[in-house]
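Report on the following structure.
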Amino acid sequence: MAGVLVVSLTACGGNDGGTAAASVDGLPITHFESGLRPDAPPPDVQVRNVSDDQADQLAMATIADVETYWSKQLPGDFGVAFKPVSALLSYDSDGPDQQNGCGDLKGIENAFYCGADDSIAWDRGVLLPTMIKQFGPLSVVTVLAHEFGHAVQYRLGKQAGITRTTPTIVKEQQADCFAGGYYHWVVAGDSRYFAVSTAEGLDAALLSLFGVRDEAGTSATARGAHGTGFDRIFAFQLGFEQGPKACAGINEDNLKARVAERPFDPGDKNEGNIDIDDHAIELLKQSLDAAFAGAKASPPKIVDGSGRCQGGPSTPPASYCPGDNTVDIDLPALAALGQPVDLEAEQSGQPSEGRGDFAALSEVASRYALGIEKGVGASIDNANAGLRTACLVGAWAGAVNKLTNTELRLSAGDLDEAISDLLRPDSLIASDVNGQRVAAGFTRVEAMRTGYLQGSAPCSKNYA
């Protein structure tokens with residue numbers, strides 16, 4: 001891979017930002033409070049043990065809504081008549097015991113589809129209120145749209161390719177994908193129950209999906225594996241962009257080509273975390289120089305300073321300074337940003353002070369990529385420059401473990417650190433030289449995963 005990563009990168013003129021940054025899969029960027037519509041009709045669904053809690057009200061509206069969606073999609077896309085699930089159950093995992101076809105539910109903090117009696121159940125006592133607190137009301141919509149996706153698998157049968165021996169990861173990826181297809185229908189304005197913006201609304205949906213990812217180091221072949229945050233968001237975006245037919249096409253063979261979930265390598269120390277210090281920056285520079293050699297552009301130097309440019313654009317803790325072709329970094333600030341993610345804080349709804357080592361390295365890599373873009377004559381001061389930069393950071397990440405004569409390697413969980421950073425409003429990874437960020441987190445993540453999975457070729461083509 002050395003010397004060929006960005007050989008396809010070409011100059012892109014103009015400062016209008018192009019169209020890629022102005023939409024999400026052709027839908028305009030919108031900003032409004034997302035959630036249950038104030039004029040939503042009463043859900044016509046029967047739920048056993050239902051309460052008046054917010055979680056149950058959101059759950060019932062979601063079930064009614066996804067049933068409307070699938071009543072059209074199943075016959076339209078697959079020629080299969082739609083049939084609602086046979087039973088719905090709300091329960092409190094800390095309350096009186098409840099059961100369905102899959103057994104007793106006391107202490108089960110979960111939401112799930114049970115094939116034994118074709119039912120969907122959800123814990124309104126702990127799981128859903130916790131998710132609402134952490135990620136907002138759309139988290140309930142995302143979870144139950146996913147669970148209904150499993151009911152869709154059951155109805156599709158052979159058309160979804162699911163058998164008793166199908167790995168869990170395939171089933172879960174399909175369900176995430178089906179949820180994405182439903183969300184496109186909602187965002188397009190077809191839902192009677194929910195209104196979701198393409199900016200903050202979709203961001204909330206992605207964050208809720210990201211928040212229930214597998215822990216770093218989980219194998220995709222493990223029983224119960226759902227995927228990394230990168231994997232789960234990929235599947236959701238696939239459904240959003242290509243619809244249910246693409247979801248039903250997810251299988252073990254095509255997952256092997258792109259799934260990122262894997263155990264830690266035997267040589268990984270400290271669960272793949274490294275300190276962000278002078279040595280780490282040296283390894284980063286070595287890796288970036290090798291990956292971007294094919295661009296034939298003068299590589300920027302990385303200098304330890306204030307993280308700002310003197311008399312130029314400043315985006316601390318790292319800034320690309322066009323005047324002298326340097327990336328000025330604030331190493332102490334990057335070291336703090338690069339501390340391991342506090343999973344306990346994250347799962348309790350509190351912010352983690354550290355975003356992980358790869359998040360910090362990716363922010364520096366994004367400023368370096370701007371230097372390469374400038375070197376080949378590409379624009380670096382508009383929205384599409386931000387997306388092109390995120391794409392190139394993804395292309396570099398995809399090449400890191402294939403580079404020769406370099407020491408830096410990606411570890412399990414590193415991609416999720418970058419995705420987590422991208423979903424934050426202060427991320428540098430998808431910003432231009434002035435730090436202007438693309439409004440929609442969906443589009444920012446899409447740009448990076450495009451580069452990671454497809455290399456640098458689409459970075460100029462898609463974000464000219």
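To be explicit about the labels: the chains of the structure tokens are called A, B, and onward in the order shown, and within each one the residues are counted from 1, while ligands get numbers from 1 in the order they are shown.
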
key: strand (DSSP E) per DSSP on the backbone: members of range 245-361 of chain A, as a VMD selection string   = chain A and resid 301 to 304 318 to 321 326 to 329

May I have the residues from that selection written out with N, CA and C atoms, as a compact mmCIF listing (two decimals), in the first residue's frame?
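And here's part_37.txt as it stands now:
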# COMPACT_ATOMS: atom_id res chain seq x y z
N LYS A 301 5.16 18.98 7.92
CA LYS A 301 5.85 18.62 9.16
C LYS A 301 4.86 18.73 10.31
N ILE A 302 5.06 17.91 11.33
CA ILE A 302 4.24 17.99 12.54
C ILE A 302 5.12 18.59 13.63
N VAL A 303 4.72 19.75 14.15
CA VAL A 303 5.54 20.46 15.14
C VAL A 303 4.76 20.60 16.44
N ASP A 304 5.46 20.42 17.54
CA ASP A 304 4.84 20.55 18.86
C ASP A 304 4.87 22.01 19.27
N ALA A 318 -5.03 20.76 17.17
CA ALA A 318 -4.14 20.57 16.02
C ALA A 318 -4.61 21.47 14.89
N SER A 319 -3.67 22.11 14.22
CA SER A 319 -4.02 23.04 13.14
C SER A 319 -3.09 22.82 11.96
N TYR A 320 -3.68 22.86 10.75
CA TYR A 320 -2.83 22.88 9.56
C TYR A 320 -2.54 24.32 9.20
N CYS A 321 -1.25 24.64 9.07
CA CYS A 321 -0.82 26.01 8.79
C CYS A 321 -0.31 26.08 7.34
N THR A 326 2.87 23.18 7.82
CA THR A 326 3.10 22.43 9.05
C THR A 326 1.76 22.10 9.71
N VAL A 327 1.79 21.07 10.54
CA VAL A 327 0.68 20.77 11.44
C VAL A 327 1.17 21.09 12.84
N ASP A 328 0.62 22.13 13.42
CA ASP A 328 1.02 22.55 14.76
C ASP A 328 0.10 21.87 15.78
N ILE A 329 0.68 21.17 16.74
CA ILE A 329 -0.12 20.41 17.70
C ILE A 329 0.14 20.88 19.12

request  = Can you list, as a ChimeraX atom specification, all residues belonging to range 79-231 of chain A that DSSP tags as helix (DSSP H, G or I)?
outcome  = /A:127-135,138-160,168-187,200-210,229-231

Next, the residues of the selection above should be written as a compact mmCIF listing (two decimals), in the first residue's frame with C-alpha atoms.
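Result file is again-v4.txt:
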# COMPACT_ATOMS: atom_id res chain seq x y z
CA LEU A 127 -33.36 -0.51 29.78
CA LEU A 128 -35.56 1.99 27.97
CA PRO A 129 -35.49 4.72 30.66
CA THR A 130 -31.69 4.41 30.83
CA MET A 131 -31.40 4.77 27.07
CA ILE A 132 -33.76 7.75 27.03
CA LYS A 133 -31.60 9.40 29.70
CA GLN A 134 -28.40 8.72 27.77
CA PHE A 135 -29.42 9.21 24.15
CA LEU A 138 -35.17 8.30 19.60
CA SER A 139 -33.13 5.56 21.28
CA VAL A 140 -36.40 3.71 21.95
CA VAL A 141 -37.34 4.05 18.29
CA THR A 142 -33.94 2.73 17.19
CA VAL A 143 -33.98 -0.26 19.54
CA LEU A 144 -37.49 -1.39 18.67
CA ALA A 145 -37.05 -0.78 14.94
CA HIS A 146 -34.05 -3.11 15.23
CA GLU A 147 -36.05 -5.74 17.12
CA PHE A 148 -38.84 -5.58 14.57
CA GLY A 149 -36.14 -6.21 11.99
CA HIS A 150 -35.73 -9.67 13.51
CA ALA A 151 -39.46 -10.25 13.06
CA VAL A 152 -38.98 -9.26 9.42
CA GLN A 153 -36.25 -11.90 9.06
CA TYR A 154 -38.70 -14.49 10.38
CA ARG A 155 -41.28 -13.41 7.80
CA LEU A 156 -38.84 -13.32 4.89
CA GLY A 157 -37.50 -16.80 5.53
CA LYS A 158 -35.26 -17.91 2.68
CA GLN A 159 -35.26 -14.44 1.13
CA ALA A 160 -33.19 -13.24 4.10
CA THR A 168 -25.50 -14.02 15.22
CA ILE A 169 -23.53 -11.17 13.66
CA VAL A 170 -25.34 -11.69 10.33
CA LYS A 171 -28.76 -11.57 11.98
CA GLU A 172 -27.85 -8.46 13.96
CA GLN A 173 -26.38 -6.66 10.97
CA GLN A 174 -29.54 -7.34 8.98
CA ALA A 175 -31.69 -6.01 11.84
CA ASP A 176 -29.58 -2.82 12.11
CA CYS A 177 -29.90 -2.43 8.35
CA PHE A 178 -33.69 -2.87 8.40
CA ALA A 179 -33.85 -0.18 11.11
CA GLY A 180 -31.91 2.14 8.80
CA GLY A 181 -34.40 1.54 5.98
CA TYR A 182 -37.25 2.45 8.30
CA TYR A 183 -35.46 5.62 9.43
CA HIS A 184 -35.13 6.83 5.83
CA TRP A 185 -38.91 6.55 5.53
CA VAL A 186 -39.33 8.57 8.73
CA VAL A 187 -36.80 11.25 7.79
CA GLU A 200 -29.31 16.29 15.26
CA GLY A 201 -32.11 13.71 14.85
CA LEU A 202 -30.12 11.17 12.85
CA ASP A 203 -27.10 11.89 15.06
CA ALA A 204 -29.17 10.81 18.09
CA ALA A 205 -30.20 7.60 16.33
CA LEU A 206 -26.58 6.79 15.44
CA LEU A 207 -25.38 7.57 18.95
CA SER A 208 -27.97 5.26 20.49
CA LEU A 209 -26.87 2.47 18.15
CA PHE A 210 -23.21 3.22 18.84
CA GLY A 229 -19.98 0.73 16.55
CA PHE A 230 -18.37 1.00 13.09
CA ASP A 231 -20.09 -2.22 11.97

inquiry  = When you look at Val50 in chain A with a cut-off of 10 Å (counting only C-alpha atoms), what residues show up, excluding the ones that are within fewer than 2 positions of it in the same chain? I need them as a VMD selection string.
reply    = chain A and resid 46 to 48 52 to 53 55 to 57 59 to 60 88 to 92 124

Output C-alpha atoms of each residue in that selection to a file, as a short mmCIF file (atom, residue, chain, number, x, y, z; two decimals), in the first residue's frame.
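To be explicit, this is the file written out as again.cif:
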data_model
loop_
_atom_site.label_atom_id
_atom_site.label_comp_id
_atom_site.auth_asym_id
_atom_site.auth_seq_id
_atom_site.Cartn_x
_atom_site.Cartn_y
_atom_site.Cartn_z
CA GLN A 46 -52.31 -4.21 21.95
CA VAL A 47 -49.54 -4.50 24.54
CA ARG A 48 -49.69 -6.78 27.56
CA ASP A 52 -48.42 5.16 31.02
CA ASP A 53 -44.63 5.63 31.21
CA ALA A 55 -40.91 4.50 27.50
CA ASP A 56 -44.12 2.58 26.81
CA GLN A 57 -45.72 5.45 24.92
CA ALA A 59 -42.51 1.91 22.27
CA MET A 60 -46.16 1.61 21.24
CA LEU A 88 -46.26 -7.43 22.47
CA LEU A 89 -45.09 -7.34 26.08
CA SER A 90 -43.90 -4.49 28.29
CA TYR A 91 -42.25 -5.53 31.52
CA ASP A 92 -40.22 -4.13 34.40
CA ARG A 124 -39.63 -0.40 30.46
#

ask   = Which neighbours of Ala21 in chain A fall inside 10 Å, counting only C-alpha atoms, when residues of the same chain fewer than 3 positions from it are skipped, and could you give them as a ChimeraX atom specification?
value = /A:17-18,24,28-29,382-387,437-440,443-444,447,463

Please, could you write that set of residues out with C-alpha atoms as a PDB file, in the first residue's frame?
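Dumped to out34.pdb:
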ATOM      1  CA  GLY A  17     -18.748  23.307  -0.947  1.00  0.00           C
ATOM      2  CA  GLY A  18     -20.451  21.144  -3.552  1.00  0.00           C
ATOM      3  CA  VAL A  24     -27.965  13.153   3.618  1.00  0.00           C
ATOM      4  CA  PRO A  28     -31.707  18.266   2.787  1.00  0.00           C
ATOM      5  CA  ILE A  29     -29.876  19.011   6.017  1.00  0.00           C
ATOM      6  CA  ASN A 382     -15.216  24.448   2.317  1.00  0.00           C
ATOM      7  CA  ALA A 383     -17.606  21.764   3.547  1.00  0.00           C
ATOM      8  CA  ASN A 384     -16.639  19.191   0.941  1.00  0.00           C
ATOM      9  CA  ALA A 385     -13.004  19.684   1.943  1.00  0.00           C
ATOM     10  CA  GLY A 386     -14.048  18.511   5.414  1.00  0.00           C
ATOM     11  CA  LEU A 387     -15.717  15.398   4.019  1.00  0.00           C
ATOM     12  CA  ARG A 437     -17.595  21.012  10.367  1.00  0.00           C
ATOM     13  CA  VAL A 438     -20.214  19.349   8.219  1.00  0.00           C
ATOM     14  CA  ALA A 439     -23.545  19.644  10.037  1.00  0.00           C
ATOM     15  CA  ALA A 440     -24.728  16.032   9.780  1.00  0.00           C
ATOM     16  CA  THR A 443     -22.465  12.327   6.484  1.00  0.00           C
ATOM     17  CA  ARG A 444     -19.252  12.734   8.476  1.00  0.00           C
ATOM     18  CA  ALA A 447     -17.204   9.847   4.488  1.00  0.00           C
ATOM     19  CA  TYR A 463     -16.306  15.143  -2.401  1.00  0.00           C
TER      20      TYR A 463
END

Neighbour list for Arg388 in chain A as a PDB file with N, CA and C atoms, in the first residue's frame, cut-off 10 Å, only C-alpha atoms, skip fewer than 4 positions in-chain:
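Below is the file around08.pdb, written as the result:
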ATOM      1  N   LEU A   9      -5.841  11.006  -5.845  1.00  0.00           N
ATOM      2  CA  LEU A   9      -6.311  12.307  -5.357  1.00  0.00           C
ATOM      3  C   LEU A   9      -5.997  13.386  -6.379  1.00  0.00           C
ATOM      4  N   ALA A  20     -22.344  17.303  -1.804  1.00  0.00           N
ATOM      5  CA  ALA A  20     -22.243  16.164  -0.890  1.00  0.00           C
ATOM      6  C   ALA A  20     -22.490  16.572   0.550  1.00  0.00           C
ATOM      7  N   SER A 366      -6.052  14.253  10.231  1.00  0.00           N
ATOM      8  CA  SER A 366      -6.934  15.075   9.394  1.00  0.00           C
ATOM      9  C   SER A 366      -6.258  16.384   8.995  1.00  0.00           C
ATOM     10  N   ALA A 369      -3.742  15.522   6.339  1.00  0.00           N
ATOM     11  CA  ALA A 369      -4.406  15.280   5.055  1.00  0.00           C
ATOM     12  C   ALA A 369      -4.712  16.595   4.342  1.00  0.00           C
ATOM     13  N   LEU A 370      -5.063  17.642   5.094  1.00  0.00           N
ATOM     14  CA  LEU A 370      -5.303  18.946   4.483  1.00  0.00           C
ATOM     15  C   LEU A 370      -4.054  19.457   3.773  1.00  0.00           C
ATOM     16  N   GLU A 373      -3.851  17.643   0.520  1.00  0.00           N
ATOM     17  CA  GLU A 373      -4.865  18.178  -0.388  1.00  0.00           C
ATOM     18  C   GLU A 373      -4.403  19.506  -0.993  1.00  0.00           C
ATOM     19  N   ALA A 378      -6.055  20.936  -4.286  1.00  0.00           N
ATOM     20  CA  ALA A 378      -7.460  20.799  -3.908  1.00  0.00           C
ATOM     21  C   ALA A 378      -7.859  21.904  -2.935  1.00  0.00           C
ATOM     22  N   SER A 379      -9.125  22.247  -2.924  1.00  0.00           N
ATOM     23  CA  SER A 379      -9.626  23.251  -1.987  1.00  0.00           C
ATOM     24  C   SER A 379      -9.595  22.681  -0.573  1.00  0.00           C
ATOM     25  N   ILE A 380      -9.322  23.547   0.397  1.00  0.00           N
ATOM     26  CA  ILE A 380      -9.261  23.083   1.786  1.00  0.00           C
ATOM     27  C   ILE A 380     -10.113  23.951   2.714  1.00  0.00           C
ATOM     28  N   ALA A 383     -17.025  22.933   2.892  1.00  0.00           N
ATOM     29  CA  ALA A 383     -17.606  21.764   3.547  1.00  0.00           C
ATOM     30  C   ALA A 383     -17.155  20.454   2.910  1.00  0.00           C
ATOM     31  N   ASN A 384     -17.082  20.431   1.571  1.00  0.00           N
ATOM     32  CA  ASN A 384     -16.639  19.191   0.941  1.00  0.00           C
ATOM     33  C   ASN A 384     -15.182  18.893   1.238  1.00  0.00           C
ATOM     34  N   LEU A 392     -10.148  10.715   3.523  1.00  0.00           N
ATOM     35  CA  LEU A 392      -8.721  10.395   3.454  1.00  0.00           C
ATOM     36  C   LEU A 392      -8.204   9.832   4.779  1.00  0.00           C
ATOM     37  N   VAL A 393      -8.727  10.329   5.902  1.00  0.00           N
ATOM     38  CA  VAL A 393      -8.355   9.740   7.189  1.00  0.00           C
ATOM     39  C   VAL A 393      -8.807   8.283   7.224  1.00  0.00           C
ATOM     40  N   GLY A 394     -10.004   7.997   6.697  1.00  0.00           N
ATOM     41  CA  GLY A 394     -10.463   6.621   6.620  1.00  0.00           C
ATOM     42  C   GLY A 394      -9.592   5.771   5.724  1.00  0.00           C
ATOM     43  N   ILE A 429     -12.047  15.807  12.623  1.00  0.00           N
ATOM     44  CA  ILE A 429     -11.752  14.840  11.564  1.00  0.00           C
ATOM     45  C   ILE A 429     -12.447  15.185  10.254  1.00  0.00           C
ATOM     46  N   ALA A 430     -13.672  15.711  10.321  1.00  0.00           N
ATOM     47  CA  ALA A 430     -14.412  16.067   9.105  1.00  0.00           C
ATOM     48  C   ALA A 430     -14.607  17.574   8.999  1.00  0.00           C
ATOM     49  N   SER A 431     -13.556  18.320   9.303  1.00  0.00           N
ATOM     50  CA  SER A 431     -13.650  19.781   9.202  1.00  0.00           C
ATOM     51  C   SER A 431     -12.623  20.303   8.213  1.00  0.00           C
ATOM     52  N   ASP A 432     -12.883  21.507   7.697  1.00  0.00           N
ATOM     53  CA  ASP A 432     -11.940  22.103   6.759  1.00  0.00           C
ATOM     54  C   ASP A 432     -10.806  22.792   7.519  1.00  0.00           C
ATOM     55  N   ARG A 444     -20.654  12.777   8.042  1.00  0.00           N
ATOM     56  CA  ARG A 444     -19.252  12.734   8.476  1.00  0.00           C
ATOM     57  C   ARG A 444     -18.773  11.284   8.609  1.00  0.00           C
ATOM     58  N   ALA A 447     -18.411   9.496   5.229  1.00  0.00           N
ATOM     59  CA  ALA A 447     -17.204   9.847   4.488  1.00  0.00           C
ATOM     60  C   ALA A 447     -16.004   9.041   4.975  1.00  0.00           C
ATOM     61  N   MET A 448     -15.858   8.912   6.293  1.00  0.00           N
ATOM     62  CA  MET A 448     -14.713   8.177   6.805  1.00  0.00           C
ATOM     63  C   MET A 448     -14.797   6.695   6.481  1.00  0.00           C
ATOM     64  N   GLY A 451     -13.806   5.925   2.867  1.00  0.00           N
ATOM     65  CA  GLY A 451     -12.366   5.850   2.664  1.00  0.00           C
ATOM     66  C   GLY A 451     -11.775   4.588   3.249  1.00  0.00           C
ATOM     67  N   SER A 456      -8.744   5.588  -1.252  1.00  0.00           N
ATOM     68  CA  SER A 456      -8.773   7.026  -1.522  1.00  0.00           C
ATOM     69  C   SER A 456      -9.519   7.412  -2.785  1.00  0.00           C
ATOM     70  N   PRO A 458     -12.591   7.217  -3.949  1.00  0.00           N
ATOM     71  CA  PRO A 458     -13.845   7.962  -3.871  1.00  0.00           C
ATOM     72  C   PRO A 458     -13.700   9.332  -3.185  1.00  0.00           C
ATOM     73  N   CYS A 459     -12.583   9.583  -2.551  1.00  0.00           N
ATOM     74  CA  CYS A 459     -12.453  10.809  -1.763  1.00  0.00           C
ATOM     75  C   CYS A 459     -12.512  12.054  -2.638  1.00  0.00           C
ATOM     76  N   SER A 460     -11.905  12.000  -3.818  1.00  0.00           N
ATOM     77  CA  SER A 460     -11.995  13.114  -4.757  1.00  0.00           C
ATOM     78  C   SER A 460     -13.296  13.049  -5.541  1.00  0.00           C
ATOM     79  N   LYS A 461     -13.680  11.858  -5.950  1.00  0.00           N
ATOM     80  CA  LYS A 461     -14.879  11.706  -6.797  1.00  0.00           C
ATOM     81  C   LYS A 461     -16.143  12.132  -6.049  1.00  0.00           C
ATOM     82  N   ASN A 462     -16.283  11.676  -4.806  1.00  0.00           N
ATOM     83  CA  ASN A 462     -17.513  11.945  -4.053  1.00  0.00           C
ATOM     84  C   ASN A 462     -17.543  13.331  -3.440  1.00  0.00           C
ATOM     85  N   TYR A 463     -16.361  13.893  -3.146  1.00  0.00           N
ATOM     86  CA  TYR A 463     -16.306  15.143  -2.401  1.00  0.00           C
ATOM     87  C   TYR A 463     -15.501  16.191  -3.139  1.00  0.00           C
ATOM     88  N   ALA A 464     -15.793  16.342  -4.419  1.00  0.00           N
ATOM     89  CA  ALA A 464     -15.066  17.291  -5.274  1.00  0.00           C
ATOM     90  C   ALA A 464     -15.446  18.720  -4.902  1.00  0.00           C
TER      91      ALA A 464
END

Polymer residues at most 8 Å from Ala195 in chain A, only C-alpha atoms, same-chain spacing of 5 or more positions, as a CSV table (one decimal) with C-alpha atoms, in the first residue's frame:
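Once written, around_35.csv looks like this:
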chain,number,residue,atom,x,y,z
A,34,SER,CA,-36.8,15.3,16.7
A,35,GLY,CA,-39.2,12.8,18.3
A,36,LEU,CA,-42.9,12.0,18.7
A,37,ARG,CA,-45.1,14.3,16.7
A,186,VAL,CA,-39.3,8.6,8.7
A,187,VAL,CA,-36.8,11.2,7.8
A,189,GLY,CA,-41.6,12.7,6.2

Range 284-330 of chain A residues near range 409-426 of chain A within 12 Å, closest pair each, using only C-alpha atoms, as a Markdown table:
| residue | atom | partner | partner_atom | distance |
| --- | --- | --- | --- | --- |
| A:Leu284 | CA | A:Arg409 | CA | 9.6 |
| A:Gln286 | CA | A:Arg409 | CA | 11.6 |
| A:Ser287 | CA | A:Arg409 | CA | 9.0 |
| A:Leu288 | CA | A:Arg409 | CA | 11.8 |
| A:Thr315 | CA | A:Asp426 | CA | 10.0 |
| A:Pro316 | CA | A:Asp426 | CA | 10.4 |
| A:Pro317 | CA | A:Asp426 | CA | 11.0 |

ask   = What lies within 12 Å of Asp104 in chain A using only C-alpha atoms, ignoring chain neighbours under 4 positions off, as an MDAnalysis selection string?
value = chainID A and resid 91:93 96:100 108:109 121

Can you write out the residues you just picked, keeping C-alpha atoms, as a short mmCIF file (atom, residue, chain, number, x, y, z; two decimals), in the first residue's frame?
data_model
loop_
_atom_site.label_atom_id
_atom_site.label_comp_id
_atom_site.auth_asym_id
_atom_site.auth_seq_id
_atom_site.Cartn_x
_atom_site.Cartn_y
_atom_site.Cartn_z
CA TYR A 91 -42.25 -5.53 31.52
CA ASP A 92 -40.22 -4.13 34.40
CA SER A 93 -37.04 -6.14 34.90
CA PRO A 96 -43.15 -8.59 39.13
CA ASP A 97 -42.10 -11.53 37.00
CA GLN A 98 -43.38 -11.63 33.43
CA GLN A 99 -42.81 -14.22 30.76
CA ASN A 100 -43.29 -14.88 27.07
CA ILE A 108 -33.61 -9.29 31.99
CA GLU A 109 -32.68 -5.72 31.03
CA ALA A 121 -40.81 -7.61 24.53
#

task = Using CA of Gly294 in chain A and CA of Gly375 in chain A as the two end points, give the distance in Å to one decimal.
result = 12.0 Å
